[in-house]
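Report on the structure given below.
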2 protein chains.
Amino acid sequence: MALVVQKYGGSSVQDADRIKKVAERIVRTHKEGNDVVVVASAMGDTTDELLDLAEQVSPAPPPRELDMLLTSGERISNALLAMAIHALGVEARSFTGSQAGMVTTSKHGDARIVNVNPQRLREALDEGSIVLVAGFQGVSQDSKDVTTLGRGGSDTTAVALAAALDADVCEIYTDVDGIFSADPRIVPDAQLIDQITYEEMLEMAACGAKVLHLRAVEYARRYNVPLRVRSSYTDKPGSLVTGSIEEIPLENAIITGVAHDRSEAKITVTDVPDTPGMAARIFRTVADADINIDMVLQNISRTTEQRTDITFTLPRVDGPRGVAALTAAQPEIGFAQILHDEEVGKVSLVGAGMRNHPGVTATFCEALSEAGINIETMNTSEIRISVICRVDQLDTAVKALHDAFELGGAEQAVVHAGTGR
Amino acid sequence: MALVVQKYGGSSVQDADRIKKVAERIVRTHKEGNDVVVVASAMGDTTDELLDLAEQVSPAPPPRELDMLLTSGERISNALLAMAIHALGVEARSFTGSQAGMVTTSKHGDARIVNVNPQRLREALDEGSIVLVAGFQGVSQDSKDVTTLGRGGSDTTAVALAAALDADVCEIYTDVDGIFSADPRIVPDAQLIDQITYEEMLEMAACGAKVLHLRAVEYARRYNVPLRVRSSYTDKPGSLVTGSIEEIPLENAIITGVAHDRSEAKITVTDVPDTPGMAARIFRTVADADINIDMVLQNISRTTEQRTDITFTLPRVDGPRGVAALTAAQPEIGFAQILHDEEVGKVSLVGAGMRNHPGVTATFCEALSEAGINIETMNTSEIRISVICRVDQLDTAVKALHDAFELGGAEQAVVHAGTGR
């Protein structure tokens, strides 16, 4: 008997009708002979409505109380889903994150999972029940207070439960058919990816692909949980995330897809004294403002002056705070200017196939050049090439790369050893 | 430093504005130097909306899941109230019934409080925090599942906490000014009762007065918790429930008020064989249908036939089920007919002053007779006289009794020993 974990997002359970449809799918899975554990997010707009209520009573709600408030949403949707399953004749029980044994750090609004104790769920499953767990929440190991898990929390809950229960698969249900070689809204002939490695999916997620949260993919990779991304509106199998790039024979390695990201801004700090520790102080200043830096470029020092420019990207929403923090540190660090550019886009090519194939980089740059796109910054990993360009050229860049590597239509781009492409 | 428990009902916290007003009152109480524990019901229509959602997904929701669903309501209101208090500059923390140590029986939807372990609340109070507890809920001692407490659950939660924390008073906030000598909507010159004993309040609540739940009053009586009923819209002190009738010197005993109840029906089982055990079988039949019997009258046996009629009252909503249960038992018990009368009303006079004063009963009957009201059934306790009459005469009956015992205006009815009234 297999154990299947299924996660349904807010739009999948947004009203009574959708809840009943999802209940039917869950019961079908159960009738096929599986133990089923379900993680549901709050119904549709519930979280936003609760946040709105909170704002009405308080300009700065204490994080502990915000977590007490918001976790009601998942409680409601999972209880309703359990009722709908029960109405179809199958036993079902819902549990809060705390009851399900999700032990977390204490940071309200952004807690991390520390441990999962699934005994109570295990007992319910052994009694023949379908089990539902409120996603996005847990209980702090220190204060015993309820916590929420921050971005990607529900996906991460599902993966963590799958790992703790040794599930055969963790299915993430969403409103698209799966993971595509590029955003189908930009590239009409984008293809559904049947299977992708953890590392490639991590890169895709880190570079803007929104279908799975980076955090959930990393958790799945660490515990070897097979992840299936599929639509809650059809029976199509979707895309499977499994395996490591290490397991792919080099000749079979391919380029998997193109990701894009419109959510970043670029900051350049000019004429930084080129002495040891200066770059560190700039990054520490930004980090102390609680800002995550994405790509970093430090240009070569201009030898006559021993000064350099340091450029990095960060989430656009954090741009103003980053500028403010650096401005405050200017006297101490001694740089000349801060250039703040919000019109940047990031496009990335991801694939195990680019390892040991320098031709890929050349093809990449040629494709962008032919499309009239200027590369402003480039950054690579073993299986990814990312560049910054003007944000209004982003769609063109995505299409150009997707075509250059023949990711569309029936043919997939396979990088052959020795073709020198 | 005093400890005050305050309970706010659903209409008191029905929207963000009301929540902020209630928060101001709570902070005022705290600034007067008190430890404050608050119990809030769910906001306005929340419970009904959740029940509606439940009905949409399932015709017969499992009780366990209904409790998981409905308890979200109190979680939301108490978290929002905590935020509003915090916005006024005072520390506040909300807790679920389970977190507050409310241990209950396992009966979902109608759990009884078994124990209260207030340590976590005590710690929060000692840290200077205002404490909020979700009313109407607890956790089952057996299954560790969340339970709801049934009718009067939030009032009972407040009283139970007051008892466990040895509070100086438990204030029940409502939308009327306090407890009145009769329903002011029927009797315009009804007076606010400043103070009333536990036993008298129990009788008032049992006989139809809706301002406090019987269950909460009984809990308060058992643990000697002073109960204050007051309006959440004004600063008037309201009515205090405290003390026993045993403590009132006989000369000071008074008639306290008139209660009425439109929610009953009357059933008469005719020609019951007047042998030992027959009455018991009739009442067992009704009890097995999960119906609470209120007043019972067994007429004197008609000696020639050794048969008797048995009349009792019950909640009107349970009438049809009661008739069905008795009909099914007819062959076994052997009675002649079931008479089912829904047009009954019950009016009651309550007061410690009626002990040892037979004149009260006479005055009672004369007042009703003069008002043209026929007494169909009478039932008395040490401090109460109740009669059944036609429901369309109920208002007249209430007014007649209120006037006869001079409960209106400035003068209260005091029963003097020896007046033979």
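Labels used: A, B, ... for chains in the order of the structure tokens, numbers from 1 for residues in each chain, and numbers from 1 for ligands as shown.
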Could you fit chain B onto chain A with a least-squares superposition over all C-alpha atoms, matched one to one in order, and give me the transformed chain as a compact mmCIF listing (two decimals) with C-alpha atoms, in the first residue's frame?
# COMPACT_ATOMS: atom_id res chain seq x y z
CA MET B 1 0.16 0.04 0.06
CA ALA B 2 1.56 3.37 -0.97
CA LEU B 3 1.39 6.55 1.05
CA VAL B 4 0.57 9.66 -0.95
CA VAL B 5 0.77 13.23 0.35
CA GLN B 6 -1.34 15.76 -1.57
CA LYS B 7 -1.13 19.52 -1.18
CA TYR B 8 -3.93 21.79 -2.39
CA GLY B 9 -3.49 25.55 -2.63
CA GLY B 10 -5.97 28.27 -1.77
CA SER B 11 -7.61 28.49 -5.17
CA SER B 12 -8.18 24.72 -5.20
CA VAL B 13 -10.29 25.04 -2.03
CA GLN B 14 -11.73 28.49 -2.54
CA ASP B 15 -15.40 27.59 -2.07
CA ALA B 16 -17.72 24.71 -1.16
CA ASP B 17 -17.88 23.44 -4.75
CA ARG B 18 -14.13 23.30 -5.20
CA ILE B 19 -13.81 21.62 -1.80
CA LYS B 20 -16.22 18.90 -2.85
CA LYS B 21 -14.33 18.37 -6.12
CA VAL B 22 -11.05 18.07 -4.27
CA ALA B 23 -12.67 15.66 -1.82
CA GLU B 24 -13.68 13.45 -4.75
CA ARG B 25 -10.10 13.36 -6.01
CA ILE B 26 -8.80 12.50 -2.57
CA VAL B 27 -11.30 9.67 -2.16
CA ARG B 28 -10.37 8.33 -5.63
CA THR B 29 -6.73 8.23 -4.61
CA HIS B 30 -7.70 6.44 -1.41
CA LYS B 31 -9.89 3.92 -3.22
CA GLU B 32 -6.89 3.02 -5.38
CA GLY B 33 -5.46 1.49 -2.22
CA ASN B 34 -3.34 4.35 -0.90
CA ASP B 35 -2.93 5.93 2.49
CA VAL B 36 -3.62 9.59 1.85
CA VAL B 37 -2.38 12.62 3.77
CA VAL B 38 -3.71 15.99 2.61
CA VAL B 39 -2.33 19.46 3.27
CA ALA B 40 -4.70 22.29 2.38
CA SER B 41 -4.07 26.01 2.40
CA ALA B 42 -6.70 28.46 3.61
CA MET B 43 -9.70 29.00 1.32
CA GLY B 44 -9.14 31.55 -1.45
CA ASP B 45 -9.14 35.01 0.05
CA THR B 46 -9.35 34.04 3.71
CA THR B 47 -5.79 34.97 4.62
CA ASP B 48 -6.15 38.39 2.98
CA GLU B 49 -9.47 38.99 4.72
CA LEU B 50 -7.98 38.11 8.09
CA LEU B 51 -5.01 40.40 7.44
CA ASP B 52 -7.45 43.14 6.57
CA LEU B 53 -9.35 42.66 9.84
CA ALA B 54 -6.04 42.77 11.69
CA GLU B 55 -5.12 46.06 10.07
CA GLN B 56 -8.48 47.51 11.04
CA VAL B 57 -7.87 46.90 14.74
CA SER B 58 -4.12 47.55 14.89
CA PRO B 59 -1.49 49.31 12.78
CA ALA B 60 1.28 46.93 13.93
CA PRO B 61 -0.22 43.64 15.11
CA PRO B 62 2.09 41.64 17.40
CA PRO B 63 3.50 38.68 15.41
CA ARG B 64 2.32 36.10 17.97
CA GLU B 65 -1.29 37.26 17.60
CA LEU B 66 -1.02 37.47 13.83
CA ASP B 67 -0.08 33.81 13.80
CA MET B 68 -2.99 32.93 16.15
CA LEU B 69 -5.29 34.77 13.74
CA LEU B 70 -4.01 33.54 10.39
CA THR B 71 -3.81 29.88 11.37
CA SER B 72 -7.61 29.88 11.63
CA GLY B 73 -7.73 29.91 7.85
CA GLU B 74 -6.10 26.52 7.38
CA ARG B 75 -8.06 25.09 10.29
CA ILE B 76 -11.30 26.01 8.53
CA SER B 77 -10.40 24.66 5.08
CA ASN B 78 -9.09 21.34 6.39
CA ALA B 79 -12.09 20.76 8.65
CA LEU B 80 -14.45 21.45 5.72
CA LEU B 81 -12.43 19.14 3.46
CA ALA B 82 -12.62 16.40 6.11
CA MET B 83 -16.40 16.84 6.25
CA ALA B 84 -16.67 16.62 2.46
CA ILE B 85 -14.63 13.41 2.41
CA HIS B 86 -16.75 11.98 5.20
CA ALA B 87 -19.87 12.80 3.18
CA LEU B 88 -18.47 10.53 0.44
CA GLY B 89 -18.35 7.67 2.94
CA VAL B 90 -14.70 7.67 3.98
CA GLU B 91 -13.30 8.40 7.43
CA ALA B 92 -11.30 11.62 7.56
CA ARG B 93 -9.73 13.62 10.38
CA SER B 94 -8.18 17.07 10.28
CA PHE B 95 -5.28 18.21 12.44
CA THR B 96 -3.60 21.53 13.11
CA GLY B 97 0.12 21.83 12.46
CA SER B 98 0.68 21.52 16.17
CA GLN B 99 -1.46 18.37 16.49
CA ALA B 100 0.37 16.91 13.48
CA GLY B 101 3.67 17.24 15.28
CA MET B 102 5.16 20.11 13.24
CA VAL B 103 7.73 21.57 15.63
CA THR B 104 9.28 24.86 14.55
CA THR B 105 11.55 27.72 15.55
CA SER B 106 9.97 30.63 17.41
CA LYS B 107 10.06 33.25 14.69
CA HIS B 108 6.44 34.22 14.17
CA GLY B 109 5.51 34.72 10.54
CA ASP B 110 8.65 33.02 9.28
CA ALA B 111 9.22 29.91 11.38
CA ARG B 112 11.40 27.05 10.17
CA ILE B 113 10.53 23.39 10.69
CA VAL B 114 12.81 21.85 13.30
CA ASN B 115 11.22 18.44 13.64
CA VAL B 116 8.19 16.44 12.58
CA ASN B 117 6.64 13.94 15.02
CA PRO B 118 4.00 12.13 12.96
CA GLN B 119 2.85 9.52 15.49
CA ARG B 120 -0.66 10.87 15.85
CA LEU B 121 -1.05 10.95 12.07
CA ARG B 122 0.38 7.45 11.77
CA GLU B 123 -2.21 6.15 14.24
CA ALA B 124 -5.03 7.80 12.34
CA LEU B 125 -3.78 6.34 9.05
CA ASP B 126 -3.49 2.90 10.61
CA GLU B 127 -7.12 3.21 11.71
CA GLY B 128 -8.01 3.65 8.04
CA SER B 129 -8.62 7.36 8.14
CA ILE B 130 -7.67 9.91 5.52
CA VAL B 131 -5.60 12.51 7.31
CA LEU B 132 -5.71 16.27 6.71
CA VAL B 133 -3.13 18.66 8.07
CA ALA B 134 -3.36 22.44 8.18
CA GLY B 135 -0.46 23.75 6.11
CA PHE B 136 1.67 26.78 6.77
CA GLN B 137 1.76 26.30 10.55
CA GLY B 138 3.40 24.55 13.47
CA VAL B 139 4.18 25.03 17.15
CA SER B 140 7.29 26.63 18.59
CA GLN B 141 9.52 24.24 20.48
CA ASP B 142 10.40 26.98 22.97
CA SER B 143 7.27 28.94 23.72
CA LYS B 144 4.64 26.37 22.74
CA ASP B 145 3.01 29.17 20.75
CA VAL B 146 1.48 28.60 17.33
CA THR B 147 3.69 29.75 14.43
CA THR B 148 3.28 30.29 10.71
CA LEU B 149 5.97 29.23 8.27
CA GLY B 150 6.33 32.16 5.90
CA ARG B 151 6.62 31.97 2.13
CA GLY B 152 6.18 28.51 0.66
CA GLY B 153 4.96 27.27 4.02
CA SER B 154 2.18 25.00 2.79
CA ASP B 155 4.35 23.33 0.12
CA THR B 156 7.04 22.84 2.77
CA THR B 157 4.54 21.38 5.23
CA ALA B 158 3.53 18.80 2.62
CA VAL B 159 7.12 17.84 1.81
CA ALA B 160 8.08 17.67 5.49
CA LEU B 161 5.18 15.33 6.22
CA ALA B 162 6.07 13.22 3.19
CA ALA B 163 9.62 12.92 4.49
CA ALA B 164 8.56 12.09 8.06
CA LEU B 165 6.02 9.50 6.92
CA ASP B 166 8.31 8.07 4.22
CA ALA B 167 5.69 8.76 1.57
CA ASP B 168 5.99 7.38 -1.93
CA VAL B 169 5.25 10.76 -3.46
CA CYS B 170 4.27 14.29 -2.53
CA GLU B 171 1.81 15.77 -5.04
CA ILE B 172 1.55 19.54 -5.24
CA TYR B 173 -1.76 20.48 -6.87
CA THR B 174 -1.93 23.81 -8.60
CA ASP B 175 -3.78 25.54 -11.42
CA VAL B 176 -1.23 24.80 -14.15
CA ASP B 177 -0.50 21.44 -15.73
CA GLY B 178 3.02 21.15 -14.35
CA ILE B 179 6.51 22.53 -14.83
CA PHE B 180 7.17 24.00 -18.28
CA SER B 181 10.33 24.66 -20.27
CA ALA B 182 9.39 28.34 -20.08
CA ASP B 183 6.38 30.37 -18.99
CA PRO B 184 3.68 29.32 -21.51
CA ARG B 185 2.22 32.81 -21.37
CA ILE B 186 5.45 34.16 -22.89
CA VAL B 187 6.44 31.15 -25.02
CA PRO B 188 3.37 29.49 -26.57
CA ASP B 189 5.27 26.39 -27.64
CA ALA B 190 6.74 25.79 -24.18
CA GLN B 191 6.69 22.09 -23.32
CA LEU B 192 5.62 20.26 -20.20
CA ILE B 193 8.67 18.77 -18.49
CA ASP B 194 7.94 15.14 -17.56
CA GLN B 195 10.81 14.79 -15.14
CA ILE B 196 13.42 17.14 -13.68
CA THR B 197 16.20 16.73 -11.12
CA TYR B 198 16.16 18.42 -7.71
CA GLU B 199 19.13 20.64 -8.57
CA GLU B 200 17.59 21.82 -11.84
CA MET B 201 14.28 22.55 -10.11
CA LEU B 202 16.11 24.46 -7.39
CA GLU B 203 17.71 26.65 -10.02
CA MET B 204 14.40 27.16 -11.84
CA ALA B 205 12.68 28.16 -8.58
CA ALA B 206 15.54 30.41 -7.51
CA CYS B 207 15.49 32.12 -10.91
CA GLY B 208 11.84 33.02 -10.98
CA ALA B 209 9.79 29.90 -11.71
CA LYS B 210 6.82 30.22 -9.36
CA VAL B 211 5.24 26.81 -9.57
CA LEU B 212 7.19 25.39 -6.61
CA HIS B 213 8.82 27.18 -3.70
CA LEU B 214 12.58 26.92 -3.45
CA ARG B 215 12.30 25.96 0.18
CA ALA B 216 10.01 23.01 -0.49
CA VAL B 217 12.27 21.75 -3.29
CA GLU B 218 15.34 21.98 -1.05
CA TYR B 219 13.54 20.04 1.69
CA ALA B 220 12.50 17.40 -0.86
CA ARG B 221 16.04 17.12 -2.17
CA ARG B 222 17.52 16.69 1.26
CA TYR B 223 15.10 13.92 2.20
CA ASN B 224 14.74 12.46 -1.29
CA VAL B 225 10.98 13.00 -1.48
CA PRO B 226 9.60 12.57 -5.02
CA LEU B 227 7.60 15.70 -5.88
CA ARG B 228 4.86 15.72 -8.46
CA VAL B 229 3.45 19.02 -9.69
CA ARG B 230 0.07 18.69 -11.36
CA SER B 231 -3.22 20.43 -12.02
CA SER B 232 -6.16 20.08 -9.64
CA TYR B 233 -8.48 20.54 -12.61
CA THR B 234 -7.43 17.54 -14.73
CA ASP B 235 -6.10 14.01 -14.34
CA LYS B 236 -2.88 14.68 -16.25
CA PRO B 237 0.17 13.35 -14.38
CA GLY B 238 2.09 16.64 -14.49
CA SER B 239 5.82 16.86 -13.79
CA LEU B 240 7.95 14.77 -11.44
CA VAL B 241 10.85 16.25 -9.49
CA THR B 242 13.26 13.52 -8.48
CA GLY B 243 16.83 12.39 -8.64
CA SER B 244 20.12 14.21 -8.70
CA ILE B 245 22.11 15.52 -11.65
CA GLU B 246 24.83 13.11 -10.51
CA GLU B 247 22.66 10.23 -11.62
CA ILE B 248 22.20 11.43 -15.18
CA PRO B 249 24.66 9.93 -17.68
CA LEU B 250 26.48 12.81 -19.31
CA GLU B 251 25.38 11.90 -22.80
CA ASN B 252 21.77 12.18 -21.76
CA ALA B 253 22.09 15.48 -20.05
CA ILE B 254 19.82 18.12 -21.46
CA ILE B 255 18.90 21.72 -21.20
CA THR B 256 15.71 21.76 -19.17
CA GLY B 257 14.21 25.20 -19.38
CA VAL B 258 14.27 28.98 -19.23
CA ALA B 259 13.21 30.90 -16.13
CA HIS B 260 12.65 34.63 -15.82
CA ASP B 261 12.28 37.05 -12.95
CA ARG B 262 10.84 40.56 -13.02
CA SER B 263 10.97 41.10 -9.30
CA GLU B 264 14.51 42.35 -8.86
CA ALA B 265 16.33 45.65 -8.84
CA LYS B 266 20.01 46.37 -9.25
CA ILE B 267 22.25 48.44 -7.00
CA THR B 268 25.76 49.53 -7.88
CA VAL B 269 28.03 51.01 -5.23
CA THR B 270 30.71 52.96 -7.09
CA ASP B 271 34.38 53.65 -6.29
CA VAL B 272 34.61 51.40 -3.30
CA PRO B 273 38.13 51.48 -1.81
CA ASP B 274 39.64 48.24 -3.05
CA THR B 275 40.97 47.11 0.34
CA PRO B 276 40.26 43.83 2.14
CA GLY B 277 36.94 43.87 3.97
CA MET B 278 35.20 46.63 2.07
CA ALA B 279 33.02 44.32 0.03
CA ALA B 280 32.15 42.46 3.22
CA ARG B 281 31.08 45.69 4.91
CA ILE B 282 28.81 46.58 2.03
CA PHE B 283 27.14 43.17 2.10
CA ARG B 284 26.90 43.22 5.92
CA THR B 285 25.19 46.62 5.74
CA VAL B 286 22.61 45.23 3.33
CA ALA B 287 22.17 41.98 5.33
CA ASP B 288 21.63 43.94 8.55
CA ALA B 289 18.70 45.63 6.82
CA ASP B 290 17.24 42.12 6.49
CA ILE B 291 17.65 42.09 2.70
CA ASN B 292 18.60 39.03 0.67
CA ILE B 293 21.15 39.65 -2.06
CA ASP B 294 20.78 37.55 -5.19
CA MET B 295 23.52 38.05 -7.80
CA VAL B 296 26.77 39.78 -7.08
CA LEU B 297 29.23 41.23 -9.51
CA GLN B 298 32.44 42.86 -8.47
CA ASN B 299 34.22 44.46 -11.38
CA ILE B 300 37.91 44.34 -11.82
CA SER B 301 39.69 47.03 -9.89
CA ARG B 302 40.76 50.09 -11.86
CA THR B 303 44.44 49.66 -11.18
CA THR B 304 45.43 53.29 -11.09
CA GLU B 305 43.02 54.18 -8.34
CA GLN B 306 42.59 50.92 -6.45
CA ARG B 307 38.86 51.39 -6.38
CA THR B 308 36.13 49.18 -7.70
CA ASP B 309 32.40 49.09 -8.33
CA ILE B 310 30.25 46.50 -6.61
CA THR B 311 26.95 45.54 -8.23
CA PHE B 312 24.32 43.25 -6.86
CA THR B 313 20.66 42.46 -7.36
CA LEU B 314 17.98 42.25 -4.68
CA PRO B 315 14.17 42.09 -4.50
CA ARG B 316 12.75 45.29 -5.97
CA VAL B 317 10.57 45.89 -2.92
CA ASP B 318 13.71 46.04 -0.78
CA GLY B 319 15.49 48.53 -3.06
CA PRO B 320 14.65 51.71 -1.14
CA ARG B 321 15.62 50.15 2.18
CA GLY B 322 18.89 48.92 0.70
CA VAL B 323 19.73 52.37 -0.61
CA ALA B 324 18.88 53.92 2.76
CA ALA B 325 21.08 51.46 4.64
CA LEU B 326 24.04 52.01 2.32
CA THR B 327 23.61 55.78 2.41
CA ALA B 328 23.83 55.69 6.18
CA ALA B 329 27.04 53.66 5.94
CA GLN B 330 28.64 55.87 3.30
CA PRO B 331 30.90 57.92 5.64
CA GLU B 332 32.30 54.76 7.14
CA ILE B 333 32.90 52.82 3.90
CA GLY B 334 33.85 55.76 1.73
CA PHE B 335 32.30 54.90 -1.64
CA ALA B 336 31.30 57.56 -4.15
CA GLN B 337 27.75 56.83 -5.26
CA ILE B 338 24.79 54.46 -5.08
CA LEU B 339 23.13 53.72 -8.43
CA HIS B 340 19.67 52.23 -8.06
CA ASP B 341 18.15 50.62 -11.15
CA GLU B 342 14.64 49.16 -11.02
CA GLU B 343 14.23 48.43 -14.70
CA VAL B 344 16.10 45.13 -14.70
CA GLY B 345 14.97 41.65 -15.55
CA LYS B 346 16.74 38.36 -15.01
CA VAL B 347 16.63 35.47 -17.49
CA SER B 348 18.16 32.08 -16.77
CA LEU B 349 18.89 28.91 -18.71
CA VAL B 350 18.85 25.76 -16.59
CA GLY B 351 19.96 22.25 -17.39
CA ALA B 352 22.25 19.46 -16.27
CA GLY B 353 23.41 19.34 -19.87
CA MET B 354 25.47 22.46 -19.67
CA ARG B 355 28.16 20.95 -17.49
CA ASN B 356 31.40 20.46 -19.33
CA HIS B 357 29.95 22.12 -22.44
CA PRO B 358 31.37 25.60 -22.87
CA GLY B 359 29.53 25.84 -26.14
CA VAL B 360 26.34 26.42 -24.24
CA THR B 361 27.55 29.74 -22.92
CA ALA B 362 28.48 30.89 -26.40
CA THR B 363 25.15 29.83 -27.86
CA PHE B 364 23.43 31.60 -24.98
CA CYS B 365 25.21 34.90 -25.61
CA GLU B 366 24.82 34.69 -29.37
CA ALA B 367 21.08 34.12 -29.06
CA LEU B 368 20.64 37.20 -26.91
CA SER B 369 22.89 39.30 -29.11
CA GLU B 370 20.97 38.33 -32.22
CA ALA B 371 17.77 39.34 -30.45
CA GLY B 372 19.24 42.78 -29.74
CA ILE B 373 19.53 42.22 -26.01
CA ASN B 374 22.46 43.67 -24.10
CA ILE B 375 23.86 41.51 -21.29
CA GLU B 376 24.50 43.75 -18.27
CA THR B 377 25.56 41.16 -15.73
CA MET B 378 26.20 37.43 -16.05
CA ASN B 379 26.31 34.82 -13.33
CA THR B 380 26.66 31.08 -13.68
CA SER B 381 26.50 27.85 -11.71
CA GLU B 382 27.25 24.32 -12.80
CA ILE B 383 23.80 23.98 -14.32
CA ARG B 384 22.62 27.52 -14.82
CA ILE B 385 23.44 30.69 -16.72
CA SER B 386 21.70 33.89 -15.58
CA VAL B 387 21.93 37.36 -17.01
CA ILE B 388 20.50 40.74 -16.14
CA CYS B 389 19.03 42.76 -18.99
CA ARG B 390 16.49 45.56 -19.40
CA VAL B 391 13.15 44.41 -17.99
CA ASP B 392 11.26 45.46 -21.14
CA GLN B 393 13.41 43.02 -23.11
CA LEU B 394 12.78 40.11 -20.81
CA ASP B 395 10.08 38.36 -22.83
CA THR B 396 12.18 38.64 -25.99
CA ALA B 397 15.13 37.16 -24.14
CA VAL B 398 13.10 34.21 -22.88
CA LYS B 399 11.81 33.43 -26.37
CA ALA B 400 15.24 33.79 -27.95
CA LEU B 401 16.84 31.34 -25.55
CA HIS B 402 13.96 28.89 -25.71
CA ASP B 403 14.27 28.82 -29.51
CA ALA B 404 18.06 28.72 -29.60
CA PHE B 405 18.09 25.61 -27.42
CA GLU B 406 15.13 24.06 -29.27
CA LEU B 407 13.07 23.62 -26.13
CA GLY B 408 9.77 24.05 -27.91
CA GLY B 409 7.68 21.66 -29.94
CA ALA B 410 8.37 17.94 -30.18
CA GLU B 411 12.12 18.06 -30.09
CA GLN B 412 14.05 18.58 -26.91
CA ALA B 413 17.49 20.17 -26.92
CA VAL B 414 20.06 17.49 -26.19
CA VAL B 415 23.64 18.60 -25.91
CA HIS B 416 25.86 16.11 -27.68
CA ALA B 417 29.47 15.80 -26.58
CA GLY B 418 31.80 17.24 -29.19
CA THR B 419 29.39 19.27 -31.29
CA GLY B 420 31.11 22.38 -30.04
CA ARG B 421 27.83 24.22 -30.05
All helix (DSSP H, G or I) residues (DSSP, backbone) inside stretch 139-305 of chain B, as JSON, numbers by chain: {"B": [153, 154, 155, 156, 157, 158, 159, 160, 161, 162, 163, 164, 198, 199, 200, 201, 202, 203, 204, 205, 206, 214, 215, 216, 217, 218, 219, 220, 221, 222, 223, 245, 246, 247, 250, 251, 252, 278, 279, 280, 281, 282, 283, 284, 285, 286, 287, 288]}
Which of stretch 46-113 of chain A counts as strand (DSSP E or B) under DSSP, as a PyMOL selection string please? chain A and resi 92-95+102-104+113
Just write the chosen residues, N, CA and C atoms, as a PDB file, in the first residue's frame.
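As written to disk, selection.pdb reads:
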ATOM      1  N   ALA A  92     -12.394  10.599   7.782  1.00  0.00           N
ATOM      2  CA  ALA A  92     -11.368  11.629   7.578  1.00  0.00           C
ATOM      3  C   ALA A  92     -11.244  12.469   8.839  1.00  0.00           C
ATOM      4  N   ARG A  93     -10.026  12.807   9.200  1.00  0.00           N
ATOM      5  CA  ARG A  93      -9.793  13.629  10.387  1.00  0.00           C
ATOM      6  C   ARG A  93      -8.806  14.736  10.081  1.00  0.00           C
ATOM      7  N   SER A  94      -9.131  15.958  10.540  1.00  0.00           N
ATOM      8  CA  SER A  94      -8.229  17.084  10.299  1.00  0.00           C
ATOM      9  C   SER A  94      -7.422  17.398  11.559  1.00  0.00           C
ATOM     10  N   PHE A  95      -6.210  17.878  11.343  1.00  0.00           N
ATOM     11  CA  PHE A  95      -5.309  18.206  12.450  1.00  0.00           C
ATOM     12  C   PHE A  95      -4.655  19.549  12.188  1.00  0.00           C
ATOM     13  N   MET A 102       4.212  19.171  13.935  1.00  0.00           N
ATOM     14  CA  MET A 102       5.146  20.051  13.229  1.00  0.00           C
ATOM     15  C   MET A 102       5.793  20.988  14.248  1.00  0.00           C
ATOM     16  N   VAL A 103       7.004  20.676  14.630  1.00  0.00           N
ATOM     17  CA  VAL A 103       7.713  21.492  15.619  1.00  0.00           C
ATOM     18  C   VAL A 103       8.620  22.473  14.886  1.00  0.00           C
ATOM     19  N   THR A 104       8.564  23.731  15.285  1.00  0.00           N
ATOM     20  CA  THR A 104       9.277  24.766  14.534  1.00  0.00           C
ATOM     21  C   THR A 104      10.137  25.648  15.435  1.00  0.00           C
ATOM     22  N   ILE A 113      10.846  24.582  10.089  1.00  0.00           N
ATOM     23  CA  ILE A 113      10.532  23.285  10.670  1.00  0.00           C
ATOM     24  C   ILE A 113      11.798  22.698  11.288  1.00  0.00           C
TER      25      ILE A 113
END
